[in-house]
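Q: Input file: entry_32.cif. Contents: mmCIF, N, CA, C and O atoms.
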```cif
data_data
loop_
_atom_site.label_atom_id
_atom_site.label_comp_id
_atom_site.auth_asym_id
_atom_site.auth_seq_id
_atom_site.Cartn_x
_atom_site.Cartn_y
_atom_site.Cartn_z
N THR A 285 0.58 -28.99 17.50
CA THR A 285 -0.43 -28.01 17.14
C THR A 285 0.03 -26.64 17.63
O THR A 285 0.43 -26.48 18.77
N THR A 286 -0.08 -25.69 16.75
CA THR A 286 0.29 -24.31 17.10
C THR A 286 -0.98 -23.53 17.42
O THR A 286 -1.94 -23.56 16.67
N LEU A 287 -0.97 -22.88 18.54
CA LEU A 287 -2.10 -22.05 18.92
C LEU A 287 -1.79 -20.60 18.60
O LEU A 287 -0.70 -20.12 18.85
N PHE A 288 -2.75 -19.95 18.03
CA PHE A 288 -2.60 -18.53 17.71
C PHE A 288 -3.42 -17.74 18.71
O PHE A 288 -4.59 -18.02 18.91
N ARG A 289 -2.80 -16.79 19.32
CA ARG A 289 -3.51 -15.91 20.23
C ARG A 289 -3.62 -14.55 19.59
O ARG A 289 -2.66 -14.04 19.05
N SER A 290 -4.77 -14.01 19.68
CA SER A 290 -4.93 -12.65 19.16
C SER A 290 -5.04 -11.70 20.34
O SER A 290 -5.56 -12.04 21.40
N ALA A 291 -4.51 -10.55 20.14
CA ALA A 291 -4.55 -9.53 21.17
C ALA A 291 -4.94 -8.21 20.54
O ALA A 291 -4.62 -7.94 19.38
N VAL A 292 -5.63 -7.41 21.28
CA VAL A 292 -6.01 -6.09 20.82
C VAL A 292 -4.96 -5.11 21.32
O VAL A 292 -4.66 -5.06 22.51
N GLU A 293 -4.39 -4.38 20.41
CA GLU A 293 -3.38 -3.38 20.76
C GLU A 293 -3.94 -1.99 20.47
O GLU A 293 -4.56 -1.78 19.44
N ARG A 294 -3.70 -1.07 21.35
CA ARG A 294 -4.09 0.33 21.11
C ARG A 294 -3.06 0.97 20.21
O ARG A 294 -1.87 0.86 20.45
N LEU A 295 -3.53 1.60 19.19
CA LEU A 295 -2.66 2.30 18.26
C LEU A 295 -2.83 3.80 18.44
O LEU A 295 -3.88 4.27 18.87
N PRO A 296 -1.82 4.56 18.08
CA PRO A 296 -1.96 6.01 18.14
C PRO A 296 -3.06 6.48 17.18
O PRO A 296 -3.40 5.78 16.21
N ALA A 297 -3.61 7.64 17.44
CA ALA A 297 -4.68 8.16 16.60
C ALA A 297 -4.23 8.35 15.16
O ALA A 297 -4.99 8.12 14.22
N TYR A 298 -3.00 8.75 14.97
CA TYR A 298 -2.48 8.96 13.63
C TYR A 298 -1.10 8.33 13.56
O TYR A 298 -0.17 8.79 14.21
N ALA A 299 -0.98 7.24 12.82
CA ALA A 299 0.29 6.54 12.71
C ALA A 299 0.44 5.93 11.32
O ALA A 299 0.31 4.72 11.13
N PRO A 300 0.67 6.76 10.30
CA PRO A 300 0.77 6.22 8.94
C PRO A 300 1.94 5.26 8.76
O PRO A 300 1.88 4.39 7.89
N GLU A 301 2.97 5.37 9.58
CA GLU A 301 4.12 4.48 9.44
C GLU A 301 3.78 3.04 9.84
O GLU A 301 4.52 2.12 9.52
N LEU A 302 2.66 2.84 10.50
CA LEU A 302 2.22 1.50 10.87
C LEU A 302 1.27 0.89 9.86
O LEU A 302 0.91 -0.28 9.98
N ASN A 303 0.87 1.64 8.86
CA ASN A 303 -0.12 1.20 7.89
C ASN A 303 0.56 0.89 6.55
O ASN A 303 1.03 1.79 5.87
N PRO A 304 0.59 -0.38 6.12
CA PRO A 304 1.23 -0.74 4.86
C PRO A 304 0.60 -0.06 3.64
O PRO A 304 1.28 0.18 2.64
N VAL A 305 -0.68 0.27 3.74
CA VAL A 305 -1.35 0.91 2.60
C VAL A 305 -0.74 2.28 2.31
O VAL A 305 -0.65 2.70 1.16
N GLU A 306 -0.27 2.97 3.34
CA GLU A 306 0.38 4.27 3.13
C GLU A 306 1.63 4.12 2.27
O GLU A 306 1.93 4.96 1.43
N TYR A 307 2.37 3.04 2.49
CA TYR A 307 3.57 2.79 1.68
C TYR A 307 3.19 2.44 0.25
O TYR A 307 3.90 2.79 -0.70
N MET A 308 2.07 1.74 0.07
CA MET A 308 1.61 1.42 -1.28
C MET A 308 1.21 2.69 -2.02
O MET A 308 1.54 2.87 -3.19
N TRP A 309 0.50 3.60 -1.33
CA TRP A 309 0.13 4.88 -1.95
C TRP A 309 1.38 5.69 -2.29
O TRP A 309 1.44 6.35 -3.32
N GLY A 310 2.35 5.64 -1.40
CA GLY A 310 3.61 6.36 -1.66
C GLY A 310 4.30 5.83 -2.90
O GLY A 310 4.81 6.60 -3.72
N ASN A 311 4.32 4.51 -3.05
CA ASN A 311 4.91 3.91 -4.24
C ASN A 311 4.14 4.31 -5.49
O ASN A 311 4.73 4.65 -6.51
N LEU A 312 2.82 4.29 -5.39
CA LEU A 312 1.98 4.66 -6.52
C LEU A 312 2.26 6.10 -6.96
O LEU A 312 2.49 6.37 -8.13
N LYS A 313 2.28 7.02 -5.99
CA LYS A 313 2.46 8.44 -6.31
C LYS A 313 3.88 8.75 -6.78
O LYS A 313 4.08 9.62 -7.61
N THR A 314 4.87 8.03 -6.25
CA THR A 314 6.26 8.32 -6.58
C THR A 314 6.72 7.62 -7.84
O THR A 314 7.33 8.23 -8.71
N HIS A 315 6.42 6.33 -7.94
CA HIS A 315 7.00 5.53 -9.01
C HIS A 315 6.04 5.21 -10.15
O HIS A 315 6.47 5.06 -11.30
N GLN A 316 4.78 5.05 -9.85
CA GLN A 316 3.85 4.58 -10.87
C GLN A 316 3.26 5.73 -11.70
O GLN A 316 3.25 5.67 -12.92
N ILE A 317 2.77 6.75 -11.02
CA ILE A 317 2.11 7.84 -11.75
C ILE A 317 2.71 9.20 -11.38
O ILE A 317 2.06 10.23 -11.53
N GLY A 318 3.95 9.19 -10.92
CA GLY A 318 4.58 10.42 -10.46
C GLY A 318 4.74 11.48 -11.53
O GLY A 318 4.66 12.67 -11.26
N ASN A 319 4.95 11.08 -12.76
CA ASN A 319 5.16 12.03 -13.85
C ASN A 319 3.94 12.15 -14.76
O ASN A 319 4.04 12.70 -15.86
N LEU A 320 2.83 11.65 -14.32
CA LEU A 320 1.61 11.69 -15.13
C LEU A 320 1.04 13.11 -15.17
O LEU A 320 0.95 13.78 -14.14
N ILE A 321 0.69 13.55 -16.34
CA ILE A 321 0.00 14.83 -16.50
C ILE A 321 -1.40 14.51 -17.00
O ILE A 321 -1.59 14.14 -18.15
N ALA A 322 -2.35 14.60 -16.11
CA ALA A 322 -3.73 14.30 -16.45
C ALA A 322 -4.50 15.60 -16.58
O ALA A 322 -4.45 16.45 -15.69
N THR A 323 -5.18 15.75 -17.68
CA THR A 323 -5.96 16.97 -17.90
C THR A 323 -7.41 16.82 -17.44
O THR A 323 -8.10 17.81 -17.27
N GLN A 324 -7.82 15.58 -17.24
CA GLN A 324 -9.19 15.31 -16.79
C GLN A 324 -9.13 14.37 -15.59
O GLN A 324 -8.25 13.52 -15.48
N ALA A 325 -10.09 14.49 -14.69
CA ALA A 325 -10.13 13.64 -13.50
C ALA A 325 -10.31 12.18 -13.87
O ALA A 325 -9.71 11.29 -13.26
N TRP A 326 -11.10 11.90 -14.90
CA TRP A 326 -11.33 10.51 -15.30
C TRP A 326 -10.04 9.88 -15.83
O TRP A 326 -9.80 8.69 -15.64
N ASP A 327 -9.18 10.68 -16.46
CA ASP A 327 -7.91 10.16 -16.97
C ASP A 327 -6.98 9.79 -15.80
O ASP A 327 -6.34 8.74 -15.82
N LEU A 328 -6.95 10.63 -14.78
CA LEU A 328 -6.16 10.32 -13.59
C LEU A 328 -6.68 9.05 -12.93
O LEU A 328 -5.90 8.18 -12.54
N SER A 329 -7.99 8.93 -12.81
CA SER A 329 -8.60 7.75 -12.21
C SER A 329 -8.25 6.49 -13.00
O SER A 329 -7.90 5.46 -12.44
N LEU A 330 -8.33 6.58 -14.31
CA LEU A 330 -8.02 5.44 -15.18
C LEU A 330 -6.56 5.02 -15.04
O LEU A 330 -6.26 3.84 -14.88
N GLN A 331 -5.66 5.99 -15.05
CA GLN A 331 -4.23 5.69 -14.94
C GLN A 331 -3.88 5.15 -13.55
O GLN A 331 -3.06 4.22 -13.42
N ALA A 332 -4.47 5.70 -12.51
CA ALA A 332 -4.20 5.22 -11.15
C ALA A 332 -4.72 3.80 -10.96
O ALA A 332 -4.05 2.96 -10.35
N THR A 333 -5.89 3.52 -11.49
CA THR A 333 -6.44 2.17 -11.40
C THR A 333 -5.56 1.17 -12.13
O THR A 333 -5.29 0.07 -11.62
N ALA A 334 -5.10 1.53 -13.31
CA ALA A 334 -4.20 0.64 -14.08
C ALA A 334 -2.90 0.42 -13.32
O ALA A 334 -2.37 -0.70 -13.28
N ALA A 335 -2.37 1.46 -12.70
CA ALA A 335 -1.11 1.34 -11.94
C ALA A 335 -1.31 0.44 -10.72
O ALA A 335 -0.43 -0.37 -10.40
N LEU A 336 -2.45 0.56 -10.04
CA LEU A 336 -2.73 -0.31 -8.90
C LEU A 336 -2.86 -1.76 -9.32
O LEU A 336 -2.42 -2.67 -8.62
N ARG A 337 -3.44 -1.99 -10.48
CA ARG A 337 -3.53 -3.37 -11.00
C ARG A 337 -2.15 -3.93 -11.32
O ARG A 337 -1.88 -5.09 -11.06
N ARG A 338 -1.29 -3.10 -11.89
CA ARG A 338 0.09 -3.54 -12.17
C ARG A 338 0.81 -3.85 -10.87
O ARG A 338 1.54 -4.84 -10.77
N MET A 339 0.62 -3.00 -9.87
CA MET A 339 1.27 -3.19 -8.59
C MET A 339 0.77 -4.48 -7.93
O MET A 339 1.54 -5.19 -7.29
N ARG A 340 -0.49 -4.78 -8.09
CA ARG A 340 -1.06 -5.99 -7.49
C ARG A 340 -0.41 -7.25 -8.05
O ARG A 340 -0.27 -8.24 -7.35
N ARG A 341 0.02 -7.21 -9.30
CA ARG A 341 0.69 -8.36 -9.91
C ARG A 341 2.13 -8.50 -9.45
O ARG A 341 2.71 -9.57 -9.60
N ARG A 342 2.71 -7.44 -8.93
CA ARG A 342 4.10 -7.48 -8.46
C ARG A 342 4.09 -7.65 -6.95
O ARG A 342 4.13 -6.69 -6.19
N ARG A 343 4.04 -8.87 -6.51
CA ARG A 343 3.92 -9.18 -5.09
C ARG A 343 5.12 -8.70 -4.28
O ARG A 343 5.01 -8.47 -3.08
N SER A 344 6.26 -8.55 -4.93
CA SER A 344 7.44 -8.09 -4.19
C SER A 344 7.25 -6.67 -3.68
O SER A 344 7.73 -6.33 -2.59
N ILE A 345 6.55 -5.82 -4.43
CA ILE A 345 6.27 -4.46 -3.97
C ILE A 345 5.35 -4.49 -2.76
O ILE A 345 5.60 -3.80 -1.76
N ILE A 346 4.32 -5.29 -2.84
CA ILE A 346 3.38 -5.37 -1.73
C ILE A 346 4.05 -5.95 -0.49
O ILE A 346 3.86 -5.46 0.63
N ALA A 347 4.87 -6.98 -0.68
CA ALA A 347 5.59 -7.57 0.46
C ALA A 347 6.53 -6.55 1.09
O ALA A 347 6.66 -6.48 2.32
N ALA A 348 7.18 -5.74 0.26
CA ALA A 348 8.08 -4.71 0.80
C ALA A 348 7.32 -3.66 1.60
O ALA A 348 7.81 -3.17 2.62
N CYS A 349 6.12 -3.32 1.16
CA CYS A 349 5.31 -2.35 1.91
C CYS A 349 4.91 -2.90 3.27
O CYS A 349 4.93 -2.18 4.26
N TYR A 350 4.57 -4.18 3.31
CA TYR A 350 4.24 -4.79 4.60
C TYR A 350 5.47 -4.90 5.49
O TYR A 350 5.39 -4.68 6.70
N LYS A 351 6.60 -5.23 4.90
CA LYS A 351 7.83 -5.35 5.68
C LYS A 351 8.27 -4.00 6.23
O LYS A 351 8.77 -3.90 7.35
N GLN A 352 8.09 -2.94 5.45
CA GLN A 352 8.48 -1.60 5.89
C GLN A 352 7.62 -1.13 7.06
O GLN A 352 8.08 -0.38 7.90
N SER A 353 6.39 -1.59 7.09
CA SER A 353 5.52 -1.27 8.23
C SER A 353 6.01 -2.05 9.44
O SER A 353 6.22 -3.24 9.38
N THR A 354 6.19 -1.38 10.54
CA THR A 354 6.71 -2.04 11.72
C THR A 354 5.67 -2.84 12.47
O THR A 354 5.98 -3.52 13.44
N LEU A 355 4.43 -2.80 12.01
CA LEU A 355 3.36 -3.54 12.66
C LEU A 355 3.40 -5.02 12.32
O LEU A 355 2.95 -5.86 13.08
N TRP A 356 3.87 -5.35 11.15
CA TRP A 356 3.80 -6.72 10.65
C TRP A 356 5.10 -7.46 10.90
O TRP A 356 6.17 -6.95 10.60
N PRO A 357 5.04 -8.68 11.41
CA PRO A 357 6.28 -9.44 11.64
C PRO A 357 6.88 -9.90 10.32
O PRO A 357 6.19 -10.01 9.32
N GLU A 358 8.15 -10.17 10.34
CA GLU A 358 8.82 -10.58 9.11
C GLU A 358 8.57 -11.99 8.77
O GLU A 358 8.14 -12.86 8.95
#
```
For this file, write the structure as C-alpha cells.
A:
Amino acid sequence: TTLFRSAVERLPAYAPELNPVEYMWGNLKTHQIGNLIATQAWDLSLQATAALRRMRRRRSIIAACYKQSTLWPE
C-alpha cells in the first residue's frame, strides 16, 4: 500500500512559472489565435473558446504545459 502525504508549501506572491495555466494561455495567444484579427469582442471570445476546446482535445499540449511548470513532478 502506498501512502500519500500532502504538504502545504508557501508559494511566492507572484510566480507564473509555477502555474501550468500560464503556459496554456501562452500557447493559446502564440499558436492558436496569435494572428487572429477580431473586429468585435464577441468574435474574439468565440475564436478563443474554440481554440481552448481544440487544445483540450490535444492532451500532449496540456501535458507539456504541466511538465514545463516546475511545480509538478514528471
Q: Which one is closest to A:Gln316: A:Leu336, A:Val292, A:Ala299, A:Ile345? Count only C-alpha atoms.
A: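 Checking each of A:Leu336, A:Val292, A:Ala299, A:Ile345 against A:Gln316, counting only C-alpha atoms, the winner is A:Leu336.
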Q: Just the residues within 9 Å of A:Met308, please, counting only C-alpha atoms, with nothing from its chain fewer than 3 positions along; format it as a list in words.
A: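 Result of the neighbour search: Pro304, Val305, Asn311, Leu312, Lys313, Leu336, Met339, Ile345, Ile346, Cys349 and Tyr350 of chain A.
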Q: Please return, as an NGL selection string, all residues of stretch 288-358 of chain A that DSSP assigns to alpha helix (DSSP H) on the basis of the backbone.
A: :A and (304-311 or 325-341 or 343-352)
Q: Take atom N of A:Ala335 and atom N of A:Ile317 and report the distance between them in Å, one decimal.
A: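 Here the two named atoms are 7.6 Å from each other.
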Q: Could you check how far atom C of A:Thr314 sits from atom CA of A:Thr354, in Å to one decimal?
A: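 Separation between atom C of A:Thr314 and atom CA of A:Thr354: 21.8 Å.
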Q: I'd like the interatomic distance between atom CA of A:Gln331 and atom CA of A:His315, to a tenth of an Å.
A: 12.7 Å
Q: I'd like the neighbourhood of A:Gln352 as a list in words, where a residue qualifies if any of its atoms comes within 9 Å (using only C-alpha atoms), though same-chain residues fewer than 5 positions away should be ignored.
A: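 Residues near the query, excluding close chain neighbours: Glu301, Leu302, Pro304, Tyr307 and Ala347 of chain A.
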Q: Generate the output file for the selected residues, N, CA, C and O atoms, as a PDB file, keeping the file's coordinate frame.
A:
```pdb
ATOM      1  N   GLU A 301       2.970   5.370   9.580  1.00  0.00           N
ATOM      2  CA  GLU A 301       4.120   4.480   9.440  1.00  0.00           C
ATOM      3  C   GLU A 301       3.780   3.040   9.840  1.00  0.00           C
ATOM      4  O   GLU A 301       4.520   2.120   9.520  1.00  0.00           O
ATOM      5  N   LEU A 302       2.660   2.840  10.500  1.00  0.00           N
ATOM      6  CA  LEU A 302       2.220   1.500  10.870  1.00  0.00           C
ATOM      7  C   LEU A 302       1.270   0.890   9.860  1.00  0.00           C
ATOM      8  O   LEU A 302       0.910  -0.280   9.980  1.00  0.00           O
ATOM      9  N   PRO A 304       0.590  -0.380   6.120  1.00  0.00           N
ATOM     10  CA  PRO A 304       1.230  -0.740   4.860  1.00  0.00           C
ATOM     11  C   PRO A 304       0.600  -0.060   3.640  1.00  0.00           C
ATOM     12  O   PRO A 304       1.280   0.180   2.640  1.00  0.00           O
ATOM     13  N   TYR A 307       2.370   3.040   2.490  1.00  0.00           N
ATOM     14  CA  TYR A 307       3.570   2.790   1.680  1.00  0.00           C
ATOM     15  C   TYR A 307       3.190   2.440   0.250  1.00  0.00           C
ATOM     16  O   TYR A 307       3.900   2.790  -0.700  1.00  0.00           O
ATOM     17  N   ALA A 347       4.870  -6.980  -0.680  1.00  0.00           N
ATOM     18  CA  ALA A 347       5.590  -7.570   0.460  1.00  0.00           C
ATOM     19  C   ALA A 347       6.530  -6.550   1.090  1.00  0.00           C
ATOM     20  O   ALA A 347       6.660  -6.480   2.320  1.00  0.00           O
TER      21      ALA A 347
END
```
